[in-house]
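Peer 1: Here's a structure for you.
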Amino acid sequence: MHTLQLRRSVCHSSGSSRSPASKAWPRARRGCIVLAAKSPSRTDTLRELLKGPKILKGPCCHDALSARLIERAGFDFAFMSGFCTAGARLGAPDTGLISYAEMVDQGRYMHEATKHIPIIGDGDTGYGNAINVKRTVRGYAAAGFAGILIEDQESPKSCGHVR
């Protein structure tokens, strides 16, 4: 498990400091800076897991709570399934109804709800042409996904387990 080390240092106290902050905010009683030591990213963790010889088990998650439960259960990683997410959000199968934005939002919530587990996101077909795929990869990374799975299919996509 990766830990984040925090260090607190007091910047100034009311009336006793000559810092610019004390002049700008004379009524401020106390200020502090919190510094975080860099820990390995979730992407780095996923890369290390994939280099290893063992078979990895990563259950599917569809929201922040399911991702948190997977992490608490001690799994190595999780996969945000488009089928599960569409079912949970829309009550419908993964037939292209759920949007890029909805998937990125779910991923961001999952990332914020967990502490260290890498989550791989279902990037569907990339949501369009090559430029859309590039946008999808960047958006998923910005949302906190450690990896992305993109299907090589033409529209309309076929989902084998929904027939």
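Chain labels A, B, ... are given in the sequence in which chains occur in the structure tokens; within each chain residues are numbered consecutively from 1, and ligands are likewise numbered from 1 in the order shown.
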Quick one: residues within 12 Å of A:Arg47, only C-alpha atoms counted, chain neighbours fewer than 2 positions away excluded, as a list in words?
Peer 2: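 Contacts, with the query itself left out: Pro40, Ser41, Arg42, Thr43, Asp44, Thr45, Leu49, Leu50, Lys51, Gly52, Asp76, Phe77, Pro118, Ile119, Ile120, Ala146 and Gly147 of chain A.
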Peer 1: How would the residues just picked look written out with all heavy atoms as a tab-separated table (two decimals), in the first residue's frame?
Peer 2:
chain	number	residue	atom	x	y	z
A	40	PRO	N	4.13	6.63	-5.59
A	40	PRO	CA	3.97	6.10	-6.95
A	40	PRO	C	2.54	6.32	-7.45
A	40	PRO	O	1.58	6.18	-6.69
A	40	PRO	CB	4.26	4.61	-6.79
A	40	PRO	CG	5.02	4.48	-5.52
A	40	PRO	CD	4.57	5.61	-4.65
A	41	SER	N	2.42	6.66	-8.74
A	41	SER	CA	1.09	6.87	-9.30
A	41	SER	C	0.38	5.53	-9.48
A	41	SER	O	1.00	4.47	-9.48
A	41	SER	CB	1.21	7.58	-10.65
A	41	SER	OG	1.69	6.69	-11.63
A	42	ARG	N	-0.90	5.61	-9.66
A	42	ARG	CA	-1.67	4.38	-9.88
A	42	ARG	C	-1.28	3.74	-11.21
A	42	ARG	O	-1.32	2.52	-11.34
A	42	ARG	CB	-3.16	4.69	-9.83
A	42	ARG	CG	-3.59	5.20	-8.45
A	42	ARG	CD	-5.06	5.45	-8.41
A	42	ARG	NE	-5.41	6.30	-7.28
A	42	ARG	CZ	-6.58	6.29	-6.68
A	42	ARG	NH1	-7.53	5.47	-7.09
A	42	ARG	NH2	-6.83	7.09	-5.67
A	43	THR	N	-0.90	4.55	-12.17
A	43	THR	CA	-0.43	4.01	-13.45
A	43	THR	C	0.87	3.24	-13.25
A	43	THR	O	1.04	2.15	-13.80
A	43	THR	CB	-0.23	5.15	-14.48
A	43	THR	OG1	-1.46	5.88	-14.60
A	43	THR	CG2	0.18	4.62	-15.82
A	44	ASP	N	1.79	3.78	-12.45
A	44	ASP	CA	3.04	3.07	-12.14
A	44	ASP	C	2.74	1.74	-11.44
A	44	ASP	O	3.35	0.72	-11.74
A	44	ASP	CB	3.94	3.91	-11.23
A	44	ASP	CG	4.49	5.15	-11.93
A	44	ASP	OD1	4.52	5.17	-13.18
A	44	ASP	OD2	4.87	6.11	-11.23
A	45	THR	N	1.79	1.77	-10.52
A	45	THR	CA	1.40	0.55	-9.81
A	45	THR	C	0.85	-0.49	-10.78
A	45	THR	O	1.22	-1.67	-10.71
A	45	THR	CB	0.34	0.87	-8.73
A	45	THR	OG1	0.88	1.84	-7.83
A	45	THR	CG2	-0.07	-0.37	-7.97
A	49	LEU	N	2.31	-4.24	-11.71
A	49	LEU	CA	1.47	-5.43	-11.62
A	49	LEU	C	1.52	-6.23	-12.92
A	49	LEU	O	1.61	-7.46	-12.91
A	49	LEU	CB	0.02	-5.05	-11.32
A	49	LEU	CG	-0.30	-4.60	-9.90
A	49	LEU	CD1	-1.72	-4.03	-9.83
A	49	LEU	CD2	-0.16	-5.76	-8.93
A	50	LEU	N	1.45	-5.53	-14.05
A	50	LEU	CA	1.44	-6.20	-15.35
A	50	LEU	C	2.78	-6.84	-15.70
A	50	LEU	O	2.83	-7.80	-16.47
A	50	LEU	CB	1.03	-5.22	-16.45
A	50	LEU	CG	-0.41	-4.71	-16.36
A	50	LEU	CD1	-0.66	-3.61	-17.39
A	50	LEU	CD2	-1.40	-5.86	-16.53
A	51	LYS	N	3.86	-6.34	-15.13
A	51	LYS	CA	5.18	-6.93	-15.34
A	51	LYS	C	5.35	-8.25	-14.61
A	51	LYS	O	6.18	-9.07	-14.97
A	51	LYS	CB	6.29	-5.97	-14.88
A	51	LYS	CG	6.51	-4.80	-15.78
A	51	LYS	CD	7.61	-3.91	-15.19
A	51	LYS	CE	7.79	-2.63	-15.96
A	51	LYS	NZ	8.82	-1.76	-15.34
A	52	GLY	N	4.60	-8.44	-13.54
A	52	GLY	CA	4.75	-9.61	-12.69
A	52	GLY	C	4.24	-10.89	-13.33
A	52	GLY	O	3.50	-10.88	-14.31
A	76	ASP	N	-6.03	-6.36	-6.50
A	76	ASP	CA	-4.88	-5.65	-7.07
A	76	ASP	C	-5.29	-4.44	-7.90
A	76	ASP	O	-4.58	-3.43	-7.95
A	76	ASP	CB	-4.05	-6.59	-7.95
A	76	ASP	CG	-3.42	-7.71	-7.17
A	76	ASP	OD1	-2.96	-7.45	-6.04
A	76	ASP	OD2	-3.37	-8.84	-7.69
A	77	PHE	N	-6.39	-4.56	-8.61
A	77	PHE	CA	-6.87	-3.48	-9.47
A	77	PHE	C	-8.36	-3.67	-9.69
A	77	PHE	O	-8.94	-4.67	-9.27
A	77	PHE	CB	-6.12	-3.45	-10.81
A	77	PHE	CG	-6.52	-4.56	-11.76
A	77	PHE	CD1	-7.43	-4.32	-12.77
A	77	PHE	CD2	-5.98	-5.82	-11.63
A	77	PHE	CE1	-7.80	-5.35	-13.62
A	77	PHE	CE2	-6.34	-6.85	-12.48
A	77	PHE	CZ	-7.27	-6.61	-13.49
A	118	PRO	N	-5.35	0.90	-8.67
A	118	PRO	CA	-5.44	1.32	-10.07
A	118	PRO	C	-6.76	0.86	-10.69
A	118	PRO	O	-7.19	-0.27	-10.45
A	118	PRO	CB	-4.25	0.64	-10.75
A	118	PRO	CG	-3.64	-0.27	-9.75
A	118	PRO	CD	-4.33	-0.10	-8.46
A	119	ILE	N	-7.38	1.72	-11.45
A	119	ILE	CA	-8.64	1.38	-12.12
A	119	ILE	C	-8.44	1.54	-13.62
A	119	ILE	O	-7.96	2.58	-14.09
A	119	ILE	CB	-9.79	2.27	-11.63
A	119	ILE	CG1	-9.98	2.12	-10.12
A	119	ILE	CG2	-11.09	1.94	-12.37
A	119	ILE	CD1	-10.95	3.09	-9.50
A	120	ILE	N	-8.80	0.50	-14.35
A	120	ILE	CA	-8.75	0.52	-15.82
A	120	ILE	C	-10.14	0.89	-16.31
A	120	ILE	O	-11.13	0.30	-15.89
A	120	ILE	CB	-8.31	-0.84	-16.39
A	120	ILE	CG1	-6.93	-1.22	-15.87
A	120	ILE	CG2	-8.34	-0.81	-17.92
A	120	ILE	CD1	-6.51	-2.65	-16.20
A	146	ALA	N	-5.91	4.49	-14.38
A	146	ALA	CA	-4.53	4.01	-14.52
A	146	ALA	C	-4.30	3.40	-15.89
A	146	ALA	O	-3.17	3.27	-16.33
A	146	ALA	CB	-4.22	2.98	-13.43
A	147	GLY	N	-5.36	3.02	-16.57
A	147	GLY	CA	-5.28	2.42	-17.90
A	147	GLY	C	-6.61	2.53	-18.60
A	147	GLY	O	-7.62	2.94	-18.00
Peer 1: Fewer than 4 positions away in the same chain doesn't count, so skip those; otherwise give me all residues within 12 Å of A:Thr136, counting only C-alpha atoms, as a short mmCIF file (atom, residue, chain, number, x, y, z; two decimals) with N, CA and C atoms, in the first residue's frame.
Peer 2:
data_model
loop_
_atom_site.label_atom_id
_atom_site.label_comp_id
_atom_site.auth_asym_id
_atom_site.auth_seq_id
_atom_site.Cartn_x
_atom_site.Cartn_y
_atom_site.Cartn_z
N SER A 99 -22.53 8.01 -22.59
CA SER A 99 -21.62 8.92 -23.29
C SER A 99 -20.21 8.92 -22.69
N TYR A 100 -19.31 9.49 -23.45
CA TYR A 100 -17.93 9.70 -22.99
C TYR A 100 -17.93 10.48 -21.68
N ALA A 101 -18.67 11.57 -21.63
CA ALA A 101 -18.69 12.43 -20.44
C ALA A 101 -19.19 11.69 -19.21
N GLU A 102 -20.21 10.85 -19.37
CA GLU A 102 -20.73 10.08 -18.24
C GLU A 102 -19.70 9.09 -17.73
N MET A 103 -18.97 8.47 -18.64
CA MET A 103 -17.94 7.50 -18.24
C MET A 103 -16.78 8.21 -17.53
N VAL A 104 -16.37 9.36 -18.03
CA VAL A 104 -15.29 10.12 -17.39
C VAL A 104 -15.73 10.57 -15.99
N GLY A 121 -10.21 1.87 -17.20
CA GLY A 121 -11.50 2.32 -17.70
C GLY A 121 -11.86 1.71 -19.04
N ASP A 122 -13.13 1.44 -19.22
CA ASP A 122 -13.65 0.94 -20.49
C ASP A 122 -13.83 2.14 -21.42
N GLY A 123 -12.94 2.26 -22.39
CA GLY A 123 -12.98 3.38 -23.32
C GLY A 123 -13.84 3.13 -24.54
N ASP A 124 -14.64 2.04 -24.50
CA ASP A 124 -15.54 1.69 -25.59
C ASP A 124 -14.74 1.62 -26.89
N THR A 125 -15.17 2.30 -27.92
CA THR A 125 -14.44 2.31 -29.19
C THR A 125 -13.65 3.60 -29.35
N GLY A 126 -13.54 4.36 -28.26
CA GLY A 126 -12.85 5.65 -28.32
C GLY A 126 -13.80 6.79 -28.61
N TYR A 127 -15.08 6.49 -28.77
CA TYR A 127 -16.14 7.46 -28.99
C TYR A 127 -15.98 8.26 -30.28
N GLY A 128 -15.56 7.60 -31.34
CA GLY A 128 -15.51 8.28 -32.64
C GLY A 128 -14.26 7.95 -33.42
N ASN A 129 -13.78 8.92 -34.15
CA ASN A 129 -12.61 8.73 -35.02
C ASN A 129 -11.31 8.82 -34.22
N ALA A 130 -10.20 8.85 -34.94
CA ALA A 130 -8.88 8.84 -34.29
C ALA A 130 -8.68 10.05 -33.36
N ILE A 131 -9.20 11.19 -33.73
CA ILE A 131 -9.07 12.37 -32.88
C ILE A 131 -9.88 12.18 -31.59
N ASN A 132 -11.05 11.58 -31.71
CA ASN A 132 -11.86 11.29 -30.52
C ASN A 132 -11.16 10.29 -29.61
N TYR A 140 -9.57 10.20 -19.93
CA TYR A 140 -9.55 9.13 -18.95
C TYR A 140 -8.33 9.27 -18.03
N ALA A 141 -7.20 9.65 -18.59
CA ALA A 141 -6.00 9.85 -17.77
C ALA A 141 -6.23 11.00 -16.79
N ALA A 142 -6.82 12.09 -17.26
CA ALA A 142 -7.08 13.24 -16.40
C ALA A 142 -8.08 12.90 -15.29
N ALA A 143 -9.00 11.97 -15.55
CA ALA A 143 -9.99 11.56 -14.55
C ALA A 143 -9.38 10.66 -13.48
N PHE A 145 -7.86 7.46 -14.25
CA PHE A 145 -7.73 6.06 -14.64
C PHE A 145 -6.26 5.69 -14.80
N GLY A 147 -5.36 3.02 -16.57
CA GLY A 147 -5.28 2.42 -17.90
C GLY A 147 -6.61 2.53 -18.60
N ILE A 148 -6.62 2.16 -19.86
CA ILE A 148 -7.85 2.23 -20.66
C ILE A 148 -7.90 1.04 -21.61
N LEU A 149 -9.08 0.51 -21.80
CA LEU A 149 -9.31 -0.56 -22.76
C LEU A 149 -10.14 0.02 -23.89
N ILE A 150 -9.63 -0.07 -25.11
CA ILE A 150 -10.35 0.45 -26.27
C ILE A 150 -10.62 -0.70 -27.22
#
Peer 1: With DSSP run on the backbone, what are the helix (DSSP H, G or I) residues within stretch 42-148 of chain A? I'd like them as a PyMOL selection string.
Peer 2: chain A and resi 42-51+64-72+82-90+100-113+130-143
Peer 1: Measuring atom to atom with only C-alpha atoms, identify which of A:Met80, A:Ile70, A:Cys60, A:Ile55 is nearest to A:Gly107.
Peer 2: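 Result for the nearest residue to A:Gly107: A:Met80.
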Peer 1: Tell me which of A:Gln153, A:Arg135, A:His116, A:Pro53 sits closest to A:Arg72, counting only C-alpha atoms.
Peer 2: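 Nearest candidate to A:Arg72 out of A:Gln153, A:Arg135, A:His116, A:Pro53: A:His116.
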Peer 1: What does the distance between atom CA of A:Ala73 and atom CA of A:Lys115 come to in Å, to one decimal place?
Peer 2: 13.0 Å
